[in-house]
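Next comes start_29.pdb, a file with PDB, C-alpha atoms, pLDDT in the B column.
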```pdb
ATOM      1  CA  MET V  20       8.309 -25.519  -1.514  1.00 61.00           C
ATOM      2  CA  SER V  21       8.596 -22.547   0.853  1.00 77.00           C
ATOM      3  CA  ASP V  22       5.607 -21.167   2.717  1.00 83.00           C
ATOM      4  CA  GLU V  23       6.008 -17.844   0.880  1.00 79.00           C
ATOM      5  CA  ARG V  24       6.068 -19.569  -2.529  1.00 81.00           C
ATOM      6  CA  GLN V  25       2.896 -21.508  -1.599  1.00 86.00           C
ATOM      7  CA  LYS V  26       1.145 -18.271  -0.610  1.00 86.00           C
ATOM      8  CA  LEU V  27       2.141 -16.631  -3.887  1.00 86.00           C
ATOM      9  CA  ASP V  28       1.070 -19.599  -5.975  1.00 82.00           C
ATOM     10  CA  SER V  29      -2.246 -19.761  -4.101  1.00 85.00           C
ATOM     11  CA  PHE V  30      -2.822 -16.046  -4.595  1.00 87.00           C
ATOM     12  CA  PHE V  31      -2.616 -16.413  -8.371  1.00 87.00           C
ATOM     13  CA  SER V  32      -4.286 -19.809  -8.744  1.00 83.00           C
ATOM     14  CA  GLU V  33      -7.199 -18.885  -6.484  1.00 84.00           C
ATOM     15  CA  ALA V  34      -7.740 -15.295  -7.652  1.00 85.00           C
ATOM     16  CA  LYS V  35     -11.463 -14.789  -8.078  1.00 88.00           C
ATOM     17  CA  VAL V  36     -11.265 -11.344  -9.668  1.00 89.00           C
ATOM     18  CA  TRP V  37      -9.092 -10.399 -12.633  1.00 93.00           C
ATOM     19  CA  PRO V  38      -6.990 -13.617 -12.632  1.00 93.00           C
ATOM     20  CA  LYS V  39      -5.703 -13.220 -16.206  1.00 94.00           C
ATOM     21  CA  GLU V  40      -4.831  -9.579 -15.640  1.00 95.00           C
ATOM     22  CA  LEU V  41      -2.999 -10.331 -12.386  1.00 94.00           C
ATOM     23  CA  ARG V  42      -0.978 -13.104 -14.019  1.00 94.00           C
ATOM     24  CA  ALA V  43      -0.087 -10.820 -16.941  1.00 95.00           C
ATOM     25  CA  LEU V  44       1.113  -8.094 -14.576  1.00 96.00           C
ATOM     26  CA  ARG V  45       3.094 -10.668 -12.591  1.00 94.00           C
ATOM     27  CA  ALA V  46       4.854 -11.868 -15.735  1.00 95.00           C
ATOM     28  CA  ILE V  47       5.835  -8.311 -16.698  1.00 96.00           C
ATOM     29  CA  LEU V  48       7.189  -7.493 -13.228  1.00 96.00           C
ATOM     30  CA  LEU V  49       9.185 -10.717 -12.973  1.00 94.00           C
ATOM     31  CA  ASP V  50      10.536 -10.240 -16.502  1.00 95.00           C
ATOM     32  CA  CYS V  51      11.761  -6.775 -15.460  1.00 95.00           C
ATOM     33  CA  GLY V  52      14.022  -8.393 -12.853  1.00 93.00           C
ATOM     34  CA  LEU V  53      12.028  -7.759  -9.693  1.00 94.00           C
ATOM     35  CA  ALA V  54      11.915 -10.297  -6.869  1.00 93.00           C
ATOM     36  CA  GLU V  55       8.490 -11.518  -5.776  1.00 93.00           C
ATOM     37  CA  GLU V  56       7.572 -11.637  -2.088  1.00 92.00           C
ATOM     38  CA  PHE V  57       4.342 -12.178  -0.178  1.00 89.00           C
ATOM     39  CA  LYS V  58       3.530  -9.119   1.946  1.00 87.00           C
ATOM     40  CA  TRP V  59       0.304  -7.569   3.160  1.00 78.00           C
ATOM     41  CA  ARG V  60      -1.739 -10.572   1.977  1.00 80.00           C
ATOM     42  CA  GLY V  61      -0.533 -10.316  -1.613  1.00 84.00           C
ATOM     43  CA  PRO V  62       2.394 -10.213  -4.022  1.00 93.00           C
ATOM     44  CA  CYS V  63       4.940  -7.437  -3.601  1.00 93.00           C
ATOM     45  CA  TYR V  64       7.774  -6.825  -6.041  1.00 94.00           C
ATOM     46  CA  THR V  65      11.130  -5.698  -4.721  1.00 94.00           C
ATOM     47  CA  PHE V  66      14.593  -4.719  -5.893  1.00 94.00           C
ATOM     48  CA  ASP V  67      17.508  -5.366  -3.512  1.00 92.00           C
ATOM     49  CA  GLY V  68      15.000  -5.633  -0.669  1.00 89.00           C
ATOM     50  CA  GLY V  69      13.281  -2.304  -1.426  1.00 91.00           C
ATOM     51  CA  ASN V  70       9.565  -2.300  -2.203  1.00 93.00           C
ATOM     52  CA  VAL V  71       8.972  -1.210  -5.803  1.00 94.00           C
ATOM     53  CA  ALA V  72       5.533  -2.410  -6.894  1.00 95.00           C
ATOM     54  CA  VAL V  73       2.464  -4.337  -5.823  1.00 94.00           C
ATOM     55  CA  ILE V  74      -0.508  -5.783  -7.689  1.00 94.00           C
ATOM     56  CA  TRP V  75      -4.085  -5.988  -6.461  1.00 91.00           C
ATOM     57  CA  GLY V  76      -7.322  -7.480  -7.681  1.00 89.00           C
ATOM     58  CA  PHE V  77     -10.090  -5.114  -6.643  1.00 89.00           C
ATOM     59  CA  LYS V  78     -13.771  -5.656  -7.337  1.00 91.00           C
ATOM     60  CA  GLU V  79     -13.820  -2.987 -10.046  1.00 94.00           C
ATOM     61  CA  ASN V  80     -10.324  -3.403 -11.517  1.00 93.00           C
ATOM     62  CA  ALA V  81      -6.897  -4.983 -11.391  1.00 93.00           C
ATOM     63  CA  ALA V  82      -4.148  -2.598 -10.359  1.00 93.00           C
ATOM     64  CA  LEU V  83      -0.391  -2.226 -10.512  1.00 94.00           C
ATOM     65  CA  GLY V  84       0.828   0.141  -7.808  1.00 93.00           C
ATOM     66  CA  PHE V  85       4.208   1.801  -7.370  1.00 94.00           C
ATOM     67  CA  PHE V  86       5.293   2.576  -3.807  1.00 92.00           C
ATOM     68  CA  LYS V  87       7.127   5.734  -4.907  1.00 92.00           C
ATOM     69  CA  GLY V  88       4.711   6.493  -7.716  1.00 89.00           C
ATOM     70  CA  VAL V  89       4.653  10.245  -7.059  1.00 89.00           C
ATOM     71  CA  LEU V  90       8.316  10.308  -8.104  1.00 90.00           C
ATOM     72  CA  LEU V  91       7.651   8.690 -11.494  1.00 92.00           C
ATOM     73  CA  LYS V  92       7.594  11.072 -14.453  1.00 93.00           C
ATOM     74  CA  ASP V  93       4.266   9.728 -15.819  1.00 92.00           C
ATOM     75  CA  PRO V  94       4.358  11.795 -19.044  1.00 89.00           C
ATOM     76  CA  GLU V  95       1.162  10.162 -20.285  1.00 87.00           C
ATOM     77  CA  GLY V  96      -0.756  10.868 -17.083  1.00 92.00           C
ATOM     78  CA  LEU V  97      -1.743   7.222 -16.643  1.00 93.00           C
ATOM     79  CA  LEU V  98      -1.114   6.855 -12.910  1.00 93.00           C
ATOM     80  CA  VAL V  99      -3.749   7.609 -10.281  1.00 89.00           C
ATOM     81  CA  ALA V 100      -3.721   7.768  -6.495  1.00 86.00           C
ATOM     82  CA  PRO V 101      -5.422   4.764  -4.838  1.00 84.00           C
ATOM     83  CA  GLY V 102      -7.403   7.073  -2.560  1.00 75.00           C
ATOM     84  CA  ASP V 103      -7.861  10.645  -1.411  1.00 69.00           C
ATOM     85  CA  ASN V 104      -5.288  10.270   1.354  1.00 68.00           C
ATOM     86  CA  SER V 105      -2.610   8.502  -0.697  1.00 77.00           C
ATOM     87  CA  ARG V 106       0.577  10.504  -0.622  1.00 76.00           C
ATOM     88  CA  ALA V 107       3.225   8.333  -2.299  1.00 84.00           C
ATOM     89  CA  VAL V 108       1.592   5.379  -4.086  1.00 87.00           C
ATOM     90  CA  ARG V 109       0.368   5.772  -7.647  1.00 91.00           C
ATOM     91  CA  MET V 110      -1.129   3.017  -9.750  1.00 94.00           C
ATOM     92  CA  PHE V 111      -2.385   1.835 -13.106  1.00 95.00           C
ATOM     93  CA  ARG V 112      -5.956   0.484 -13.174  1.00 95.00           C
ATOM     94  CA  PHE V 113      -7.038  -2.183 -15.677  1.00 95.00           C
ATOM     95  CA  THR V 114     -10.417  -3.668 -16.540  1.00 95.00           C
ATOM     96  CA  GLY V 115      -9.204  -6.055 -19.198  1.00 94.00           C
ATOM     97  CA  LEU V 116      -6.209  -7.989 -20.439  1.00 94.00           C
ATOM     98  CA  ASP V 117      -6.299  -6.012 -23.682  1.00 96.00           C
ATOM     99  CA  GLN V 118      -5.590  -2.787 -21.756  1.00 96.00           C
ATOM    100  CA  ILE V 119      -2.450  -4.321 -20.237  1.00 96.00           C
ATOM    101  CA  LYS V 120      -1.252  -5.607 -23.608  1.00 96.00           C
ATOM    102  CA  ALA V 121      -1.902  -2.222 -25.239  1.00 96.00           C
ATOM    103  CA  ILE V 122       0.453  -0.385 -22.871  1.00 95.00           C
ATOM    104  CA  GLU V 123       2.884  -3.168 -21.943  1.00 96.00           C
ATOM    105  CA  THR V 124       5.848  -1.191 -23.274  1.00 95.00           C
ATOM    106  CA  THR V 125       4.805   1.801 -21.163  1.00 95.00           C
ATOM    107  CA  ILE V 126       4.363  -0.387 -18.086  1.00 96.00           C
ATOM    108  CA  ARG V 127       7.881  -1.753 -18.565  1.00 96.00           C
ATOM    109  CA  THR V 128       9.241   1.799 -18.915  1.00 95.00           C
ATOM    110  CA  TYR V 129       7.590   2.827 -15.633  1.00 96.00           C
ATOM    111  CA  VAL V 130       8.896  -0.313 -13.882  1.00 96.00           C
ATOM    112  CA  ARG V 131      12.438   0.401 -15.092  1.00 96.00           C
ATOM    113  CA  GLU V 132      12.148   3.994 -13.843  1.00 95.00           C
ATOM    114  CA  ALA V 133      10.854   2.747 -10.465  1.00 95.00           C
ATOM    115  CA  ILE V 134      13.837   0.374 -10.217  1.00 96.00           C
ATOM    116  CA  GLU V 135      16.229   3.236 -11.012  1.00 95.00           C
ATOM    117  CA  LEU V 136      14.618   5.326  -8.250  1.00 92.00           C
ATOM    118  CA  GLU V 137      15.136   2.424  -5.831  1.00 92.00           C
ATOM    119  CA  LYS V 138      18.771   2.000  -6.917  1.00 92.00           C
ATOM    120  CA  ALA V 139      19.344   5.722  -6.391  1.00 87.00           C
ATOM    121  CA  GLY V 140      17.850   5.550  -2.902  1.00 87.00           C
ATOM    122  CA  ALA V 141      15.155   8.089  -3.794  1.00 81.00           C
ATOM    123  CA  LYS V 142      12.785   9.003  -0.995  1.00 87.00           C
ATOM    124  CA  VAL V 143       9.336  10.531  -1.159  1.00 81.00           C
ATOM    125  CA  ASP V 144       9.490  13.813   0.743  1.00 80.00           C
ATOM    126  CA  LEU V 145       6.434  13.628   2.956  1.00 69.00           C
ATOM    127  CA  PRO V 146       5.550  16.572   5.155  1.00 66.00           C
ATOM    128  CA  LYS V 147       5.822  15.857   8.870  1.00 68.00           C
ATOM    129  CA  ASP V 148       2.817  16.149  11.159  1.00 59.00           C
ATOM    130  CA  ASP V 149       0.380  17.194   8.457  1.00 67.00           C
ATOM    131  CA  ILE V 150      -2.454  15.217  10.059  1.00 72.00           C
ATOM    132  CA  VAL V 151      -4.540  16.741  12.804  1.00 77.00           C
ATOM    133  CA  TYR V 152      -5.294  14.112  15.426  1.00 84.00           C
ATOM    134  CA  PRO V 153      -8.909  14.083  16.607  1.00 86.00           C
ATOM    135  CA  GLU V 154      -9.494  15.339  20.165  1.00 88.00           C
ATOM    136  CA  GLU V 155     -10.682  11.887  21.233  1.00 90.00           C
ATOM    137  CA  LEU V 156      -7.358  10.348  20.224  1.00 88.00           C
ATOM    138  CA  LEU V 157      -5.353  13.035  22.010  1.00 87.00           C
ATOM    139  CA  ALA V 158      -7.451  12.475  25.142  1.00 88.00           C
ATOM    140  CA  ALA V 159      -7.034   8.677  24.949  1.00 89.00           C
ATOM    141  CA  LEU V 160      -3.263   9.035  24.574  1.00 88.00           C
ATOM    142  CA  GLU V 161      -3.065  11.438  27.512  1.00 89.00           C
ATOM    143  CA  GLU V 162      -5.143   9.141  29.731  1.00 90.00           C
ATOM    144  CA  ASP V 163      -3.294   5.948  28.793  1.00 89.00           C
ATOM    145  CA  PRO V 164       0.539   6.216  28.872  1.00 89.00           C
ATOM    146  CA  GLU V 165       0.925   2.644  27.568  1.00 92.00           C
ATOM    147  CA  LEU V 166      -1.234   3.475  24.555  1.00 91.00           C
ATOM    148  CA  GLN V 167       0.644   6.726  23.999  1.00 91.00           C
ATOM    149  CA  GLU V 168       4.023   4.973  24.039  1.00 91.00           C
ATOM    150  CA  ALA V 169       2.797   2.296  21.620  1.00 91.00           C
ATOM    151  CA  PHE V 170       1.170   4.847  19.304  1.00 89.00           C
ATOM    152  CA  GLU V 171       4.328   6.979  19.178  1.00 87.00           C
ATOM    153  CA  ALA V 172       6.364   3.850  18.316  1.00 90.00           C
ATOM    154  CA  LEU V 173       4.222   3.178  15.217  1.00 86.00           C
ATOM    155  CA  THR V 174       5.547   4.053  11.787  1.00 83.00           C
ATOM    156  CA  PRO V 175       4.352   7.401  10.414  1.00 78.00           C
ATOM    157  CA  GLY V 176       2.114   5.604   7.911  1.00 79.00           C
ATOM    158  CA  ARG V 177       0.441   3.520  10.603  1.00 86.00           C
ATOM    159  CA  LYS V 178      -0.143   6.594  12.769  1.00 85.00           C
ATOM    160  CA  ARG V 179      -1.596   8.418   9.789  1.00 81.00           C
ATOM    161  CA  GLY V 180      -3.885   5.500   8.965  1.00 84.00           C
ATOM    162  CA  TYR V 181      -5.233   5.358  12.495  1.00 89.00           C
ATOM    163  CA  ALA V 182      -5.663   9.139  12.731  1.00 86.00           C
ATOM    164  CA  LEU V 183      -7.661   9.206   9.498  1.00 85.00           C
ATOM    165  CA  HIS V 184      -9.757   6.225  10.612  1.00 88.00           C
ATOM    166  CA  PHE V 185     -10.480   7.751  14.010  1.00 90.00           C
ATOM    167  CA  ALA V 186     -11.327  11.195  12.602  1.00 85.00           C
ATOM    168  CA  GLN V 187     -13.758   9.902   9.979  1.00 84.00           C
ATOM    169  CA  PRO V 188     -16.985   9.508  12.032  1.00 90.00           C
ATOM    170  CA  LYS V 189     -19.056  12.603  12.721  1.00 89.00           C
ATOM    171  CA  GLN V 190     -20.056  11.539  16.219  1.00 91.00           C
ATOM    172  CA  SER V 191     -17.560  11.710  19.059  1.00 90.00           C
ATOM    173  CA  ALA V 192     -18.877   8.472  20.577  1.00 91.00           C
ATOM    174  CA  THR V 193     -18.087   6.604  17.359  1.00 92.00           C
ATOM    175  CA  ARG V 194     -14.566   8.051  17.289  1.00 88.00           C
ATOM    176  CA  VAL V 195     -14.037   6.945  20.910  1.00 90.00           C
ATOM    177  CA  SER V 196     -15.355   3.475  20.074  1.00 92.00           C
ATOM    178  CA  ARG V 197     -12.962   3.130  17.145  1.00 91.00           C
ATOM    179  CA  ILE V 198     -10.026   4.108  19.352  1.00 92.00           C
ATOM    180  CA  GLU V 199     -11.026   1.576  22.026  1.00 92.00           C
ATOM    181  CA  LYS V 200     -11.447  -1.195  19.441  1.00 92.00           C
ATOM    182  CA  SER V 201      -7.999  -0.439  17.999  1.00 91.00           C
ATOM    183  CA  ARG V 202      -6.124  -0.327  21.315  1.00 92.00           C
ATOM    184  CA  ASP V 203      -4.872  -3.942  21.208  1.00 91.00           C
ATOM    185  CA  ARG V 204      -3.666  -3.571  17.610  1.00 90.00           C
ATOM    186  CA  ILE V 205      -1.790  -0.401  18.481  1.00 92.00           C
ATOM    187  CA  LEU V 206      -0.201  -2.029  21.534  1.00 91.00           C
ATOM    188  CA  ALA V 207       0.899  -4.897  19.269  1.00 91.00           C
ATOM    189  CA  GLY V 208       2.544  -2.401  16.890  1.00 89.00           C
ATOM    190  CA  LYS V 209       0.186  -3.272  14.052  1.00 88.00           C
ATOM    191  CA  GLY V 210      -1.383  -1.042  11.473  1.00 85.00           C
ATOM    192  CA  LEU V 211      -5.105  -0.709  10.958  1.00 81.00           C
ATOM    193  CA  GLN V 212      -5.328  -3.397   8.256  1.00 76.00           C
ATOM    194  CA  GLU V 213      -2.685  -5.792   9.580  1.00 77.00           C
ATOM    195  CA  ARG V 214      -3.603  -9.174  10.993  1.00 68.00           C
TER     196      ARG V 214
END
```

I need this file expressed as structure tokens, please.
Amino acid sequence: MSDERQKLDSFFSEAKVWPKELRALRAILLDCGLAEEFKWRGPCYTFDGGNVAVIWGFKENAALGFFKGVLLKDPEGLLVAPGDNSRAVRMFRFTGLDQIKAIETTIRTYVREAIELEKAGAKVDLPKDDIVYPEELLAALEEDPELQEAFEALTPGRKRGYALHFAQPKQSATRVSRIEKSRDRILAGKGLQER
């Protein structure tokens, strides 16, 4: 058994929150013809190598997220953004197996549409440079050429994640501390939540 398969099996067999809901979502996604991979500490569902969907077990709900969710038609208005700063991902939230069963046909319709978007090579048109970097980050990048080079090499999403994280505290000293604590991760090319 491959290491990836073991991680996937462990994820579902050891799920402490929403295990039945996660397994139900998994079955739907696999039945729709998506491949299952282990990415970002959980199951990710792909089509021809392109990320299509992901499932999560949060404390308050189970969720099925679509990477290009903003491009889905969503005529019933069922999809929500995972957070205030989410630009592309949209997701369903579930607090019971009965909710999944009640809209299974709709879920399958959305998955098929997401696959068609992936086949078509659809891209989410994200505005460039719409994040204002905090002064402390700009100063750190100017003072440390190695950090600046590494930061500029990060993907746009990773840069955005760091910029939002660094800008969050009200006190400048806390922003500086966050930047210093993140330096090694940035130099390693990793995002804020990556191990």

TODO: Apply the PyMOL selection byres ((chain V and resi 69) around 12) to the displayed file and report the matching residues as number ranges by chain.
DONE: V: 53-56, 63-68, 70-73, 85-87, 133-142

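Atom pair CA of Leu157 in chain V / CA of Phe185 in chain V has a distance of 10.9 Å (rounded to one decimal).
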
Can you list, as a ChimeraX atom specification, the residues that the PyMOL selection byres ((chain V and resi 39-44) around 9) selects here? /V:31,34,36-38,45-49,74-76,81-83,113-117,119-120

task = Give as a PyMOL selection string the residues that the PyMOL selection byres ((chain V and resi 105-108) around 7) matches when applied to the coordinates above.
result = chain V and resi 84-89+100-104+109-110+143

The residue from V:Lys26, V:Ser196, V:Gly52, V:Ser21 with the smallest atom-to-atom distance to Arg131 in chain V, counting all atoms listed in the file, is V:Gly52

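CA of Leu211 in chain V lies 6.3 Å from CA of Tyr181 in chain V.
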